[in-house]
Amino acid sequence: MLILGIETSCDETGLALYDSERGLLAHTLYSQIGLHAQYGGVVPELASRDHVRKTLPLLRQIFQQAGLNPTAVEGVAYTRGPGLIGALLVGAAIGRSLAWSWRVPAIGVHHMEGHLLAPMLEPEPPAFPFVALLVSGGHSLLVEVGGIGKYRILGESVDDAAGEAFDKTAKLLGLPYPGGPALAKLAERGDPRRFTFPRPMIDRPGCDFSFSGLKTAAINAWRLLEPTPENRADIARAFEEAVVETLAIKSRRALKATRLKRLVVAGGVGANRRLRDRLRELTAELGGQVFYPRLEFCTDNGAMIAYAGWRRLAAGQGQDTVIDVMPRWPLDSLLAVD
């Protein structure tokens with residue numbers, strides 16, 4: 001079954017062609033970083049307009065890459081939510097229109113389910129069940145995954161998500177947009193022993209996250225210092241260490257609570273090198289294993305949407321011909337795929 005995947009939930013336009021027998025045939029991604037950099041963050045209206053401009057040219061590009069005619073497509077998957085409503089509507093309108101014109105089924109995919117299943121695109125995918133740590137700019141979740149659609153939320157953000165805290169702290173440190181990767185790069189030059197910031201909510205039971213207080217601690221420390229490169233790097237290092245350690249502590253709790261040995265890490269923050277090293281150590285200590293998507297599939301992309309859409313379309317879960325999106329959409333409300 002050949003599936004076209006369309007991702008337009010925020011500031012990246014991703015398209016992909018996934019074949020259930022041959023795997024990923026083509027994918028491409030356009031980032032709007034240059035468009036939003038002058039504003040220091042994503043401007044929703046500009047993001048929507050850019051998706052309109054870029055989606056169809058990228059569509060032609062992936063068919064050329066794969067050497068296929070659009071008539072070969074047997075299903076269309078697009079991101080239905082969560083995300084920016086205008087950006088989601090662009091992908092939904094284009095996806096539904098293409099499916100209608102090609103007379104094939106279409107399905108709206110949950111953005112976080114796409115991230116959760118992204119490691120399934122790798123040569124050695126994880127087997128169910130496992131614990132998933134989903135960390136991105138808008139979401140921080142720990143999920144017990146029994147199968148596709150069989151999700152139990154173990155912990156989630158009560159305020160800022162990890163990626164959001166990275167971006168906001170980076171901005172206040174004067175780093176360019178996007179802030180998260182810039183802060184992580186700067187932290188490589190920092191002294192890990194100079195500052196120690198709090199590990200939020202580790203003194204409470206459970207697996208929920210809170211990063212707003214950590215962000216405030218970093219900024220308060222920064223405001224007492226001279227704005228030198230060394231001070232900026234040391235603050236960045238201490239902040240990153242606190243986030244990484246907090247995520248590791250909560251992941252350990254989730255694995256022990258579920259008695260599972262496999263941990264899947266996905267989302268943009270999942271590309272952080274220190275987080276990967278720490279979680280690799282953690283799972284090794286517990287006699288388990290950690291799985292990641294390749295770096296290009298940690299951020300938003302069409303390949304994960306195409307794969308998730310294929311699994312649901314193959315199970316007969318196509319939807320009525322209607323253009324609707326869900327800017328807020330609980331992951332544990334999805335139907336299970338047997």
# chains A, B, ... in the order shown; residues from 1 in each chain; ligands from 1

$ closest_atom_pairs --of "segment 132-214 of chain A" --to "segment 104-128 of chain A" --cutoff "7 Å" --atoms "only C-alpha atoms" --output "JSON lines"
{"residue": "A:Ala132", "atom": "CA", "partner": "A:Leu116", "partner_atom": "CA", "distance": 6.7}
{"residue": "A:Leu134", "atom": "CA", "partner": "A:Leu116", "partner_atom": "CA", "distance": 6.9}
{"residue": "A:Val145", "atom": "CA", "partner": "A:Phe128", "partner_atom": "CA", "distance": 6.9}
{"residue": "A:Gly146", "atom": "CA", "partner": "A:Phe128", "partner_atom": "CA", "distance": 5.8}
{"residue": "A:Gly147", "atom": "CA", "partner": "A:Phe128", "partner_atom": "CA", "distance": 5.8}

$ select_by_dssp --residues "segment 165-298 of chain A" --states "alpha helix (DSSP H)" --output "ChimeraX atom specification"
/A:165-172,179-187,212-223,229-258,273-285

$ select_by_dssp --residues "segment 136-233 of chain A" --states "strand (DSSP E or B)" --output "ChimeraX atom specification"
/A:140-147,150-157,209

$ residues_around --residues "segment 81-84 of chain A" --least-positions-apart "6" --cutoff "9 Å" --atoms "only C-alpha atoms" --output "list in words"
Thr8, Ser9, Cys10, Pro44, Ala47, Ser48, Gly108, Val109, His110, His111, Met112, Gly138, Val325, Met326, Pro327, Arg328, Trp329 and Pro330 of chain A

$ residues_around --residues "segment 273-275 of chain A" --least-positions-apart "2" --cutoff "9 Å" --atoms "only C-alpha atoms" --output "list in words"
Ala184, Glu240, Glu241, Val243, Val244, Glu245, Leu247, Ala248, Val269, Gly270, Ala271, Asp277, Arg278, Leu279 and Arg280 of chain A

$ closest_residue --among "A:Gln38, A:Thr258, A:Gln289, A:Thr169" --to "Ala238 of chain A" --atoms "only C-alpha atoms"
A:Thr169

$ closest_residue --among "A:Ala233, A:Leu225, A:Ala284, A:Leu133" --to "Gly155 of chain A" --atoms "only C-alpha atoms"
A:Leu133

$ atom_distance --atom1 "atom CA of Gly309 of chain A" --atom2 "atom CA of Val76 of chain A"
7.4 Å

$ atom_distance --atom1 "atom CA of Met304 of chain A" --atom2 "atom CA of Gln61 of chain A"
18.0 Å

$ residues_around --residues "Leu46 of chain A" --least-positions-apart "5" --cutoff "9 Å" --atoms "only C-alpha atoms" --output "PyMOL selection string"
chain A and resi 35-36+51

$ write_last_selection --atoms "all heavy atoms" --output "PDB file, in the first residue's frame"
ATOM      1  N   LEU A  35      12.136  32.308   7.886  1.00  0.00           N
ATOM      2  CA  LEU A  35      10.960  33.164   7.869  1.00  0.00           C
ATOM      3  C   LEU A  35      10.653  33.729   9.251  1.00  0.00           C
ATOM      4  O   LEU A  35      10.303  34.906   9.403  1.00  0.00           O
ATOM      5  CB  LEU A  35       9.759  32.372   7.341  1.00  0.00           C
ATOM      6  CG  LEU A  35       8.400  33.073   7.345  1.00  0.00           C
ATOM      7  CD1 LEU A  35       8.404  34.245   6.377  1.00  0.00           C
ATOM      8  CD2 LEU A  35       7.290  32.076   6.980  1.00  0.00           C
ATOM      9  N   HIS A  36      10.768  32.892  10.283  1.00  0.00           N
ATOM     10  CA  HIS A  36      10.353  33.288  11.638  1.00  0.00           C
ATOM     11  C   HIS A  36      11.488  33.848  12.489  1.00  0.00           C
ATOM     12  O   HIS A  36      11.220  34.413  13.555  1.00  0.00           O
ATOM     13  CB  HIS A  36       9.738  32.087  12.356  1.00  0.00           C
ATOM     14  CG  HIS A  36       8.539  31.518  11.674  1.00  0.00           C
ATOM     15  ND1 HIS A  36       7.329  32.168  11.612  1.00  0.00           N
ATOM     16  CD2 HIS A  36       8.367  30.351  10.989  1.00  0.00           C
ATOM     17  CE1 HIS A  36       6.457  31.435  10.945  1.00  0.00           C
ATOM     18  NE2 HIS A  36       7.064  30.328  10.552  1.00  0.00           N
ATOM     19  N   HIS A  51       3.042  27.295   4.275  1.00  0.00           N
ATOM     20  CA  HIS A  51       2.618  25.932   3.931  1.00  0.00           C
ATOM     21  C   HIS A  51       1.852  25.921   2.606  1.00  0.00           C
ATOM     22  O   HIS A  51       2.015  25.009   1.791  1.00  0.00           O
ATOM     23  CB  HIS A  51       1.732  25.352   5.037  1.00  0.00           C
ATOM     24  CG  HIS A  51       2.462  24.992   6.288  1.00  0.00           C
ATOM     25  ND1 HIS A  51       3.579  24.181   6.301  1.00  0.00           N
ATOM     26  CD2 HIS A  51       2.227  25.314   7.591  1.00  0.00           C
ATOM     27  CE1 HIS A  51       4.004  24.031   7.547  1.00  0.00           C
ATOM     28  NE2 HIS A  51       3.196  24.712   8.344  1.00  0.00           N
TER      29      HIS A  51
END

$ residues_around --residues "Gly287 of chain A" --least-positions-apart "3" --cutoff "10 Å" --atoms "only C-alpha atoms" --output "PDB file with C-alpha atoms, in the first residue's frame"
ATOM      1  CA  LYS A 261      12.689  -2.634  29.444  1.00  0.00           C
ATOM      2  CA  ARG A 262      12.302  -0.785  26.163  1.00  0.00           C
ATOM      3  CA  GLU A 281      23.277   4.809  30.320  1.00  0.00           C
ATOM      4  CA  LEU A 282      19.961   4.577  32.154  1.00  0.00           C
ATOM      5  CA  THR A 283      18.512   1.756  30.060  1.00  0.00           C
ATOM      6  CA  ALA A 284      21.795  -0.142  30.237  1.00  0.00           C
TER       7      ALA A 284
END
